[in-house]
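What follows is the content of structure15.txt (compact mmCIF, C-alpha atoms and all ligand atoms).
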```txt
# COMPACT_ATOMS: atom_id res chain seq x y z
CA MET A 218 -124.43 -48.21 30.88
CA ARG A 219 -128.05 -48.89 30.08
CA GLU A 220 -129.76 -45.96 31.69
CA ILE A 221 -130.46 -43.34 29.19
CA GLY A 222 -130.83 -39.65 29.76
CA ARG A 223 -127.74 -39.27 31.91
CA VAL A 224 -125.78 -36.16 31.17
CA ALA A 225 -122.18 -37.23 31.05
CA GLN A 226 -122.11 -40.79 29.78
CA GLY A 227 -118.54 -40.90 28.55
CA HIS A 228 -119.15 -38.58 25.62
CA PHE A 229 -115.73 -38.13 24.06
CA PRO A 230 -116.31 -37.37 20.40
CA THR A 231 -113.65 -38.55 18.00
CA GLN A 232 -111.15 -35.75 17.53
CA PRO A 233 -111.51 -33.85 14.19
CA ARG A 234 -107.95 -34.70 13.15
CA ILE A 235 -108.61 -38.41 13.65
CA VAL A 236 -111.88 -38.14 11.71
CA ARG A 237 -110.05 -36.50 8.80
CA SER A 238 -107.42 -39.26 8.76
CA ILE A 239 -110.08 -41.97 8.86
CA SER A 240 -111.94 -40.35 5.97
CA LYS A 241 -108.80 -40.72 3.85
CA LEU A 242 -108.70 -44.48 4.37
CA PHE A 243 -111.94 -44.91 2.39
CA LYS A 244 -113.50 -43.89 -0.88
CA LEU A 245 -117.05 -44.00 -2.11
CA PRO A 246 -118.24 -46.68 -4.56
CA PRO A 247 -119.15 -45.51 -8.10
CA GLY A 248 -122.84 -45.36 -7.21
CA GLY A 249 -125.60 -46.64 -4.95
CA LEU A 250 -126.42 -45.94 -1.35
CA VAL A 251 -123.82 -46.25 1.40
CA THR A 252 -125.27 -46.64 4.90
CA MET A 253 -123.23 -45.67 7.97
CA LEU A 254 -124.20 -46.63 11.48
CA ASP A 255 -122.56 -45.08 14.51
CA ALA A 256 -123.41 -47.12 17.61
CA GLY A 257 -123.15 -44.55 20.40
CA CYS A 258 -123.19 -41.66 17.94
CA GLY A 259 -123.10 -38.74 20.41
CA THR A 260 -124.18 -35.61 18.56
CA GLY A 261 -123.59 -37.35 15.21
CA GLN A 262 -120.79 -34.94 14.27
CA THR A 263 -118.24 -37.66 13.53
CA ILE A 264 -120.04 -39.59 10.81
CA HIS A 265 -121.55 -36.34 9.53
CA ALA A 266 -117.98 -35.07 9.01
CA LEU A 267 -116.95 -38.35 7.34
CA ARG A 268 -119.84 -38.06 4.89
CA LYS A 269 -118.97 -34.45 4.17
CA GLN A 270 -115.34 -35.29 3.48
CA TRP A 271 -116.12 -38.24 1.21
CA LEU A 272 -118.67 -36.29 -0.76
CA ALA A 273 -116.19 -33.41 -1.14
CA ALA A 274 -113.49 -35.83 -2.34
CA ARG A 275 -115.68 -37.87 -4.64
CA HIS A 276 -114.38 -38.19 -8.14
CA GLY A 277 -117.37 -38.55 -10.41
CA THR A 278 -119.28 -41.02 -8.19
CA THR A 279 -123.01 -40.72 -7.79
CA ALA A 280 -123.10 -42.56 -4.47
CA ALA A 281 -125.28 -41.21 -1.68
CA VAL A 282 -124.46 -41.64 2.01
CA ARG A 283 -127.17 -42.11 4.64
CA LEU A 284 -126.33 -41.82 8.32
CA TYR A 285 -127.75 -43.76 11.25
CA GLY A 286 -126.99 -43.48 14.91
CA ILE A 287 -127.97 -44.98 18.23
CA GLU A 288 -127.47 -42.76 21.24
CA SER A 289 -128.52 -43.16 24.83
CA ASP A 290 -128.37 -39.49 25.74
CA ARG A 291 -131.60 -37.82 24.68
CA GLY A 292 -130.20 -34.34 24.01
CA ARG A 293 -127.27 -35.64 21.98
CA CYS A 294 -129.59 -37.91 20.04
CA ALA A 295 -131.88 -35.00 19.15
CA GLU A 296 -128.83 -33.06 17.95
CA ALA A 297 -127.67 -36.04 15.87
CA ASN A 298 -131.08 -36.17 14.20
CA ARG A 299 -130.81 -32.51 13.26
CA THR A 300 -127.24 -32.98 12.01
CA PHE A 301 -128.01 -36.07 9.93
CA ALA A 302 -130.97 -34.36 8.28
CA GLN A 303 -128.71 -31.51 7.10
CA GLY A 304 -126.49 -33.48 4.75
CA PRO A 305 -127.39 -35.00 1.40
CA GLY A 306 -128.71 -38.53 1.93
CA GLY A 307 -130.28 -37.66 5.30
CA GLY A 308 -130.36 -40.12 8.17
CA ARG A 309 -131.83 -40.90 11.52
CA ALA A 310 -130.71 -41.38 15.11
CA LEU A 311 -132.57 -43.56 17.59
CA TRP A 312 -132.74 -42.57 21.22
CA ALA A 313 -131.98 -45.87 22.92
CA ALA A 314 -129.25 -47.87 24.58
CA ILE A 315 -127.25 -50.13 22.27
CA GLU A 316 -128.31 -53.06 24.47
CA ASP A 317 -131.98 -52.32 23.75
CA CYS A 318 -131.74 -52.15 19.94
CA ALA A 319 -131.94 -54.29 16.85
CA VAL A 320 -130.79 -53.36 13.35
CA SER A 321 -132.37 -54.79 10.21
CA GLU A 322 -130.54 -57.19 7.89
CA PRO A 323 -128.28 -57.04 5.96
CA GLY A 324 -126.65 -54.33 8.12
CA ALA A 325 -124.71 -51.17 7.35
CA SER A 326 -122.03 -50.53 4.74
CA MET A 327 -119.95 -49.14 7.58
CA LEU A 328 -120.22 -49.67 11.31
CA PHE A 329 -118.53 -46.93 13.29
CA PHE A 330 -117.89 -47.85 16.90
CA ASN A 331 -116.18 -45.66 19.46
CA PRO A 332 -117.51 -47.25 22.64
CA PRO A 333 -117.78 -45.41 25.93
CA TYR A 334 -115.89 -46.20 29.07
CA ASP A 335 -118.17 -45.83 32.04
CA ARG A 336 -116.02 -43.93 34.47
CA ILE A 337 -118.99 -42.25 36.06
CA ARG A 338 -120.56 -45.23 37.75
CA GLY A 339 -117.43 -47.32 37.70
CA ALA A 340 -119.19 -50.04 35.68
CA GLY A 341 -115.82 -50.68 34.08
CA ARG A 342 -114.86 -51.46 30.53
CA GLN A 343 -117.69 -51.67 28.07
CA GLU A 344 -115.83 -52.38 24.84
CA HIS A 345 -116.19 -56.13 24.58
CA LEU A 346 -119.67 -56.20 26.06
CA LEU A 347 -120.96 -53.62 23.61
CA PHE A 348 -119.02 -55.07 20.68
CA GLN A 349 -120.88 -58.34 21.21
CA ARG A 350 -124.12 -56.37 20.71
CA VAL A 351 -123.07 -54.40 17.64
CA LYS A 352 -120.84 -56.85 15.74
CA GLY A 353 -123.72 -58.14 13.60
CA TRP A 354 -124.87 -54.68 12.52
CA CYS A 355 -122.35 -54.44 9.66
CA ALA A 356 -123.19 -55.96 6.28
CA ARG A 357 -121.04 -58.83 4.96
CA GLY A 358 -118.14 -57.25 3.09
CA GLY A 359 -118.88 -53.96 4.88
CA HIS A 360 -116.36 -52.12 7.02
CA LEU A 361 -115.86 -51.67 10.72
CA VAL A 362 -114.07 -48.67 12.17
CA MET A 363 -113.46 -49.17 15.85
CA ILE A 364 -111.75 -46.74 18.19
CA VAL A 365 -110.57 -48.24 21.48
CA PRO A 366 -107.70 -47.91 23.92
CA ASP A 367 -104.78 -49.93 22.54
CA CYS A 368 -104.26 -51.68 25.88
CA ILE A 369 -107.76 -53.17 25.56
CA LEU A 370 -107.33 -54.38 21.99
CA ALA A 371 -103.89 -55.83 22.77
CA ASP A 372 -105.07 -57.50 25.97
CA ALA A 373 -105.99 -61.14 25.33
CA ALA A 374 -107.98 -61.17 28.58
CA SER A 375 -110.39 -58.53 27.26
CA ASN A 376 -111.47 -60.95 24.48
CA LEU A 377 -112.05 -58.00 22.18
CA ALA A 378 -109.44 -58.82 19.52
CA VAL A 379 -110.57 -62.46 19.29
CA SER A 380 -114.20 -61.37 18.94
CA VAL A 381 -113.21 -58.98 16.16
CA GLU A 382 -111.11 -61.65 14.44
CA ARG A 383 -113.97 -64.12 14.55
CA ASN A 384 -116.31 -61.80 12.69
CA TYR A 385 -114.02 -59.44 10.76
CA GLU A 386 -110.81 -59.51 8.80
CA ALA A 387 -108.48 -56.80 10.10
CA LEU A 388 -107.26 -54.48 7.32
CA GLY A 389 -105.20 -52.23 9.53
CA VAL A 390 -104.70 -51.11 13.10
CA PHE A 391 -103.22 -47.67 13.72
CA ARG A 392 -102.06 -45.91 16.85
CA TYR A 393 -103.31 -42.37 17.41
CA PRO A 394 -100.72 -39.77 16.38
CA GLU A 395 -99.21 -37.43 18.97
CA PRO A 396 -100.35 -35.41 20.83
CA GLU A 397 -103.69 -37.27 20.72
CA TYR A 398 -102.05 -40.57 21.66
CA LYS A 399 -100.56 -39.13 24.82
CA GLN A 400 -103.99 -37.93 25.86
CA PHE A 401 -106.21 -40.86 24.88
CA ARG A 402 -103.92 -43.90 24.31
CA GLN A 403 -106.25 -45.09 21.62
CA CYS A 404 -106.03 -46.84 18.29
CA VAL A 405 -108.17 -47.12 15.16
CA LEU A 406 -108.96 -50.56 13.83
CA VAL A 407 -110.28 -50.92 10.28
CA ALA A 408 -111.70 -54.32 9.42
CA GLN A 409 -113.97 -55.95 6.87
CA CYS A 410 -116.92 -58.11 7.86
CA ARG A 411 -116.40 -61.77 6.97
CA GLU A 412 -118.90 -63.69 4.87
CA ARG A 413 -119.15 -66.17 7.76
CA ALA A 414 -118.02 -65.83 11.33
CA GLN A 415 -115.16 -68.18 12.25
CA ALA A 416 -115.88 -71.05 14.61
CA ARG A 417 -115.02 -70.21 18.21
CA GLU A 418 -112.39 -72.90 18.87
CA ARG A 419 -110.40 -72.06 15.75
CA VAL A 420 -109.70 -68.45 16.69
CA PRO A 421 -106.47 -67.82 18.60
CA PHE A 422 -105.45 -64.34 19.77
CA PRO A 423 -104.73 -62.62 16.42
CA ALA A 424 -101.16 -61.67 15.49
CA TRP A 425 -102.22 -58.16 14.42
CA ALA A 426 -103.27 -57.37 18.01
CA LYS A 427 -100.10 -58.61 19.71
CA HIS A 428 -97.59 -55.76 19.58
CA PRO A 429 -99.20 -52.33 19.93
CA SER A 430 -95.82 -50.60 19.97
CA GLU A 431 -95.33 -51.83 16.38
CA TRP A 432 -98.65 -50.55 15.07
CA PRO A 433 -98.19 -47.77 12.52
CA VAL A 434 -99.27 -44.30 13.54
CA LEU A 435 -102.46 -43.11 11.89
CA PRO A 436 -101.20 -40.84 9.11
CA ASP A 437 -102.77 -37.46 8.31
CA GLU A 438 -102.77 -38.37 4.62
CA CYS A 439 -103.81 -41.56 2.86
CA PRO A 440 -100.94 -44.03 3.42
CA GLY A 441 -101.18 -45.50 -0.11
CA LYS A 442 -102.02 -49.03 -1.24
CA PRO A 443 -104.23 -50.81 -0.21
CA TRP A 444 -105.71 -47.53 1.05
CA PRO A 445 -108.14 -45.99 0.38
CA VAL A 446 -110.45 -48.99 0.43
CA ARG A 447 -113.76 -48.73 -1.38
CA LEU A 448 -116.91 -48.62 0.72
CA VAL A 449 -119.61 -51.06 -0.31
CA PRO A 450 -123.08 -49.94 -1.33
CA ALA A 451 -125.89 -51.14 0.90
CA ALA A 452 -128.16 -53.91 -0.36
CA ALA A 453 -130.99 -52.31 1.60
CA ASP A 454 -131.71 -49.34 3.77
CA LEU A 455 -131.35 -49.76 7.54
CA ARG A 456 -134.13 -49.96 10.07
CA LEU A 457 -133.31 -49.38 13.71
CA ARG A 458 -135.78 -50.44 16.34
CA ARG A 459 -136.02 -50.82 20.05
CA THR A 460 -136.30 -54.32 21.45
CA ALA A 461 -136.82 -53.09 25.00
CA LEU A 462 -138.28 -49.94 26.49
CA SER A 463 -136.28 -48.27 29.21
CA ALA A 464 -138.05 -46.44 32.03
CA GLU A 465 -136.90 -43.13 30.53
CA VAL A 466 -138.46 -43.85 27.14
CA MET A 467 -141.73 -44.90 28.78
CA LEU A 468 -141.79 -41.80 30.95
CA ASP A 469 -141.04 -39.63 27.95
CA THR A 470 -143.82 -41.26 25.91
CA LEU A 471 -146.30 -40.78 28.74
CA THR A 472 -145.25 -37.19 29.19
CA CYS A 473 -146.01 -36.47 25.53
CA SER A 474 -149.26 -38.44 25.52
CA PRO A 475 -152.63 -36.64 25.28
CA LEU A 476 -153.78 -39.03 28.02
CA ARG A 477 -151.22 -37.57 30.38
CA SER A 478 -153.57 -35.46 32.49
CA ALA A 479 -156.14 -38.26 32.74
CA MET A 480 -153.41 -40.65 33.87
CA LEU A 481 -152.06 -38.14 36.36
CA ARG A 482 -155.55 -37.68 37.79
CA GLU A 483 -155.87 -41.45 38.18
CA VAL A 484 -152.52 -41.75 39.88
CA LEU A 485 -153.08 -38.82 42.22
CA ALA A 486 -156.71 -39.61 43.05
CA GLU A 487 -157.42 -40.82 46.57
CA ALA A 488 -158.11 -44.52 46.88
CA PRO A 489 -161.90 -45.07 46.99
CA ALA A 490 -163.31 -45.83 50.44
CA VAL A 491 -164.03 -49.50 51.07
CA GLU A 492 -167.84 -49.72 50.89
CA ARG A 493 -170.03 -52.07 52.87
CA PRO A 494 -171.22 -54.96 50.62
CA LEU A 495 -174.81 -54.57 49.40
CA LEU A 496 -175.82 -57.85 51.05
CA PRO A 497 -174.47 -59.34 54.24
CA LEU A 498 -171.81 -61.95 53.51
CA LYS A 499 -173.05 -65.51 53.92
CA GLU A 500 -171.27 -68.85 53.81
CA GLY A 501 -172.28 -69.24 50.16
CA HIS A 502 -170.35 -66.11 49.22
CA LEU A 503 -167.26 -67.41 50.92
CA ALA A 504 -167.69 -70.72 49.11
CA LEU A 505 -167.90 -68.92 45.76
CA ALA A 506 -164.82 -66.88 46.52
CA LEU A 507 -162.97 -70.02 47.56
CA ALA A 508 -164.02 -71.90 44.44
CA GLY A 509 -163.01 -68.97 42.25
CA GLY A 510 -159.52 -69.08 43.73
CA LEU A 511 -159.96 -65.64 45.32
CA CYS A 512 -158.96 -66.91 48.74
CA ASP A 513 -155.95 -68.93 47.57
CA GLY A 514 -152.91 -68.49 49.74
CA VAL A 515 -151.97 -68.68 53.36
CA ILE A 516 -154.73 -68.00 55.88
CA GLU A 517 -154.52 -67.93 59.61
CA LYS A 518 -157.14 -68.90 62.19
CA ASP A 519 -156.74 -69.27 65.97
CA GLY A 520 -152.95 -69.17 65.60
CA GLU A 521 -152.96 -71.99 63.02
CA ARG A 522 -151.85 -71.44 59.45
CA PHE A 523 -153.26 -73.14 56.35
CA LEU A 524 -152.35 -73.01 52.69
CA VAL A 525 -155.63 -73.02 50.78
CA LYS A 526 -156.36 -73.65 47.10
CA GLY A 527 -159.87 -73.67 45.67
CA THR A 528 -160.98 -75.05 42.31
CA LEU A 529 -164.27 -75.56 40.53
CA ASP A 530 -165.01 -78.82 38.70
CA ARG A 531 -167.58 -79.25 35.97
CA GLN A 532 -169.07 -82.57 34.95
CA THR A 533 -171.86 -83.34 32.52
CA LYS A 534 -173.81 -86.43 33.60
CA ARG A 535 -176.80 -88.32 32.32
CA VAL A 536 -179.27 -88.12 35.19
CA ALA A 537 -182.38 -89.80 33.71
CA GLN A 538 -183.99 -91.45 30.66
CA ARG A 539 -187.55 -90.61 29.70
CA PRO A 540 -189.51 -92.83 27.32
CA LYS A 541 -191.76 -91.11 24.76
CA TYR A 542 -194.93 -92.83 23.63
CA THR A 543 -196.93 -92.99 20.43
CA ALA A 544 -200.72 -92.42 20.37
CA THR A 545 -201.19 -96.19 20.70
CA GLY A 546 -199.10 -96.24 23.87
CA GLU A 547 -195.96 -97.82 22.44
CA VAL A 548 -192.49 -96.43 23.27
CA SER A 549 -191.37 -94.51 20.19
CA HIS A 550 -188.01 -93.35 21.58
CA VAL A 551 -186.13 -92.64 24.78
CA VAL A 552 -184.95 -89.19 25.76
CA ASP A 553 -181.67 -88.84 27.72
CA VAL A 554 -181.62 -86.08 30.30
CA TRP A 555 -178.19 -84.53 31.00
CA ARG A 556 -177.21 -82.24 33.77
CA THR A 557 -174.12 -80.09 34.18
CA ILE A 558 -172.94 -80.42 37.74
CA TYR A 559 -170.53 -77.97 39.31
CA SER A 560 -168.62 -79.01 42.36
CA MET A 561 -166.32 -76.94 44.44
CA LYS A 562 -163.09 -78.39 45.74
CA VAL A 563 -160.92 -76.90 48.42
CA ARG A 564 -157.57 -78.37 49.29
CA CYS A 565 -155.97 -77.30 52.51
CA LEU A 566 -152.36 -77.90 53.61
CA ARG A 567 -151.72 -77.61 57.31
CA ASP A 568 -148.45 -76.63 59.01
CA SER A 569 -147.99 -80.30 59.97
CA GLY A 570 -147.92 -81.32 56.27
CA GLU A 571 -151.37 -82.87 56.49
CA ILE A 572 -153.59 -82.31 53.45
CA GLU A 573 -157.36 -82.02 53.76
CA ASP A 574 -159.73 -82.11 50.82
CA TYR A 575 -163.24 -80.68 50.91
CA SER A 576 -165.70 -81.03 48.11
CA SER A 577 -169.28 -80.01 47.50
CA HIS A 578 -169.67 -83.00 45.17
CA ILE A 579 -172.45 -85.45 46.07
CA GLU A 580 -172.00 -88.95 44.67
CA ASP A 581 -174.83 -90.35 42.51
CA GLU A 582 -176.67 -87.15 42.49
CA ALA A 583 -179.56 -88.36 40.44
CA ALA A 584 -182.08 -85.80 41.41
CA PRO A 585 -185.12 -85.63 39.21
CA PRO A 586 -184.58 -83.42 36.16
CA THR A 587 -185.57 -79.86 36.57
CA ASP A 588 -185.96 -76.92 34.22
CA GLY A 589 -182.88 -75.99 32.27
CA GLU A 590 -181.53 -79.49 31.85
CA ASP A 591 -180.74 -80.75 28.39
CA GLU A 592 -182.90 -83.41 26.83
CA VAL A 593 -181.37 -85.44 23.97
CA ALA A 594 -183.38 -87.95 21.98
C1 LIG B 601 -117.03 -41.94 23.08
S1 LIG B 601 -118.56 -41.17 22.62
C2 LIG B 601 -118.50 -41.38 20.88
C3 LIG B 601 -119.36 -40.43 20.11
C4 LIG B 601 -119.25 -40.59 18.59
N1 LIG B 601 -119.48 -41.95 18.18
C5 LIG B 601 -117.90 -40.18 18.11
O1 LIG B 601 -117.10 -41.04 17.79
O2 LIG B 601 -117.66 -38.98 18.06
C6 LIG B 601 -119.71 -42.43 23.13
C7 LIG B 601 -121.17 -42.07 23.05
O3 LIG B 601 -121.92 -43.24 23.33
C8 LIG B 601 -123.04 -42.90 24.14
N2 LIG B 601 -123.37 -44.11 24.90
C9 LIG B 601 -122.83 -44.55 26.05
N3 LIG B 601 -123.35 -45.73 26.40
C10 LIG B 601 -124.27 -46.03 25.46
C11 LIG B 601 -125.17 -47.13 25.28
N4 LIG B 601 -125.17 -48.14 26.12
N5 LIG B 601 -125.99 -47.10 24.22
C12 LIG B 601 -125.98 -46.06 23.36
N6 LIG B 601 -125.14 -45.01 23.48
C13 LIG B 601 -124.30 -45.00 24.52
C14 LIG B 601 -122.59 -41.75 24.99
O4 LIG B 601 -123.69 -40.97 25.40
C15 LIG B 601 -121.67 -41.01 24.04
O5 LIG B 601 -122.35 -40.01 23.35
```

Would it be possible to restate this file's structure as structure tokens?
Ligand SMILES: C[S@@+](CC[C@H](N)C(=O)[O-])C[C@H]1O[C@@H](n2cnc3c(N)ncnc32)[C@H](O)[C@@H]1O
Amino acid sequence: MREIGRVAQGHFPTQPRIVRSISKLFKLPPGGLVTMLDAGCGTGQTIHALRKQWLAARHGTTAAVRLYGIESDRGRCAEANRTFAQGPGGGRALWAAIEDCAVSEPGASMLFFNPPYDRIRGAGRQEHLLFQRVKGWCARGGHLVMIVPDCILADAASNLAVSVERNYEALGVFRYPEPEYKQFRQCVLVAQCRERAQARERVPFPAWAKHPSEWPVLPDECPGKPWPVRLVPAAADLRLRRTALSAEVMLDTLTCSPLRSAMLREVLAEAPAVERPLLPLKEGHLALALAGGLCDGVIEKDGERFLVKGTLDRQTKRVAQRPKYTATGEVSHVVDVWRTIYSMKVRCLRDSGEIEDYSSHIEDEAAPPTDGEDEVA
């Protein structure tokens, strides 16, 4: 479900009754900033409502709640940005796919995760795949609220419960109440992020996930101890960033760019006509092109094929020694004359496997020094 900008990407917002019940499972800390991240936030209504309900129920706390969301649908993301800005504490939604994002350390006070099920393209279940991406976005000691079909959480083959258990300590798993359960067959898992993830081989399928028919129904009111649990203040604000740019984001950026018309002109312009070279091509030109690697590749002549690779070698050689004399005719010192010699090499592989080497190098090229050579005393 990576493509962004699709209209109906499994947008099933959490039902208002469920949101109200979830809000009653938590309370704000006495002060500080609580950060909430909804991965796949839709229009942002769900965590906006949670913030509203906590702030309305706060008993003398000064805590602020800031909302963050990641949403792959552009329109819903824009709406989430408007919604988050409305409430006290503000917030921000990033238009991106969960798979293309990173979230700054130490993570959010609460990670809200109601993953989509891609029915549209038949890409199948996304819960475990996406959970693997988001599981590290909650701060240690912070809370996870995850809404998934109970058959997925209770299915050992989906690996979801074991992944949760490895990283989080389950505080409670509730079945949706009726009539919502009949419609969605979902459950709400509340868990707390462990200080350290458990080692892979030590994590069996957790007992809390085994018997969905025994899970309590999510109550409309706070069920009493240990609920409501206290949210933890964030050690730092969150930063969301893209780690990859989807084609849609690039297109959108180009569309908004002031260079747009210039780029469009470039793209739509006719290819320039191939002009005749200023000078007739001679063998030397071909040699230069070969040496520069411009002719590398397979070439064909008279039905025969060759794989050609050209390289240029550079050697600095002493080509002469010139004595210098004093006024009395004695040798005062000797000057070394150096020359930089370029030689072109072409290696040619024939169909038969035979390799031929050609080189412009001339052994013992000790031509007399000419202008431009270096003289070193
Ligand atoms: C089930 S809705 C949940 C909306 C909201 N979190 C709530 O609980 O009300 C899932 C949302 O995730 C979005 N989504 C789907 N795949 C996504 C992805 N790979 N990355 C980011 N968002 C995605 C959908 O566009 C949709 O708005």

- Item | Distance criterion (only C-alpha atoms): nearest to Arg522 in chain A out of A:Cys565, A:Ala508, A:Leu272, A:Ala537 | A:Cys565

I'd like the box whose edges run along x, y and z of the file and which contains every listed atom of range 423-428 of chain A, padded by 5 Å per side; could you state its centre and edge lengths in Å, one decimal, as JSON?
```
{"center_x": -101.2, "center_y": -59.2, "center_z": 17.1, "size_x": 17.1, "size_y": 16.9, "size_z": 15.3}
```

- Item | Surroundings of ligand LIG 601 (chain B) up to 7 Å, based on only C-alpha atoms and all ligand atoms, as a ChimeraX atom specification | /A:218-219,225-231,255-263,287-290,293,313-316,330-333

- Item | Contacts of range 301-305 of chain A at 8 Å (only C-alpha atoms; same-chain gap of 2+ positions) as JSON, numbers by chain | {"A": [261, 265, 269, 281, 282, 283, 284, 285, 297, 298, 299, 307, 308, 309, 310]}

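The space separating CA of Ala280 in chain A from CA of Ala414 in chain A comes to 28.6 Å.
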
- Which residues, written as a PyMOL selection string, have at least one atom at most 9 Å from Gln415 in chain A, with all atoms listed in the file counted and residues fewer than 6 positions away on the same chain left out? chain A and resi 382-385

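One distance worth recording is that between CA of Ala319 in chain A and CA of Leu455 in chain A, which is 10.4 Å.
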
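Taking CA of Ala486 in chain A as the reference point, CA of Leu471 in chain A is found at 17.7 Å.
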
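Residues surrounding Gln349 in chain A within 10 Å are A:Glu316, A:Glu344, A:His345, A:Leu346, A:Lys352, A:Gly353, A:Leu377, A:Ser380, A:Val381 [only C-alpha atoms; sequence separation below 3 positions excluded].
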
Please produce a file of those selected residues containing C-alpha atoms, as a PDB file, in the coordinates of the input.
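Output saved as selection_25.pdb:
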```
ATOM      1  CA  GLU A 316    -128.310 -53.060  24.470  1.00  0.00           C
ATOM      2  CA  GLU A 344    -115.830 -52.380  24.840  1.00  0.00           C
ATOM      3  CA  HIS A 345    -116.190 -56.130  24.580  1.00  0.00           C
ATOM      4  CA  LEU A 346    -119.670 -56.200  26.060  1.00  0.00           C
ATOM      5  CA  LYS A 352    -120.840 -56.850  15.740  1.00  0.00           C
ATOM      6  CA  GLY A 353    -123.720 -58.140  13.600  1.00  0.00           C
ATOM      7  CA  LEU A 377    -112.050 -58.000  22.180  1.00  0.00           C
ATOM      8  CA  SER A 380    -114.200 -61.370  18.940  1.00  0.00           C
ATOM      9  CA  VAL A 381    -113.210 -58.980  16.160  1.00  0.00           C
TER      10      VAL A 381
END
```

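Minimum atom-to-atom distance to Met561 in chain A, evaluated using all atoms listed in the file, belongs to A:Asp574 out of A:Asp317, A:Asp574, A:Asp519, A:Glu395.
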
- Shortest interatomic distance to Trp555 in chain A - which of A:Val434, A:Leu462, A:Val536, A:Val491, counting only C-alpha atoms: A:Val536

- Residue neighbourhood Ile369 in chain A, 10 Å, only C-alpha atoms, exclusion window fewer than 5 positions, as a PyMOL selection string: chain A and resi 342+344-345+374-378+403-404+426

- Note on the structure: Shortest contact to Pro436 in chain A, candidates A:Leu476, A:Ala464, A:Ile264, A:Val390, atoms counted all atoms listed in the file, goes to A:Val390

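Residue neighbourhood of Glu431 in chain A, excluding near-sequence residues (fewer than 6 positions): Asp367, Ala371, Val390, Phe391, Arg392, Cys404, Ala424 and Trp425 of chain A, at 12 Å, using only C-alpha atoms.
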
- Note on the structure: Among A:Arg402, A:Arg456, A:Lys241, A:His276, Glu322 in chain A is approached most closely, using only C-alpha atoms, by A:Arg456

- Choose the residue, out of A:Ala451, A:Ala544, A:Val320, A:Leu370, that has the smallest atom-to-atom separation from Arg350 in chain A; count only C-alpha atoms. A:Val320
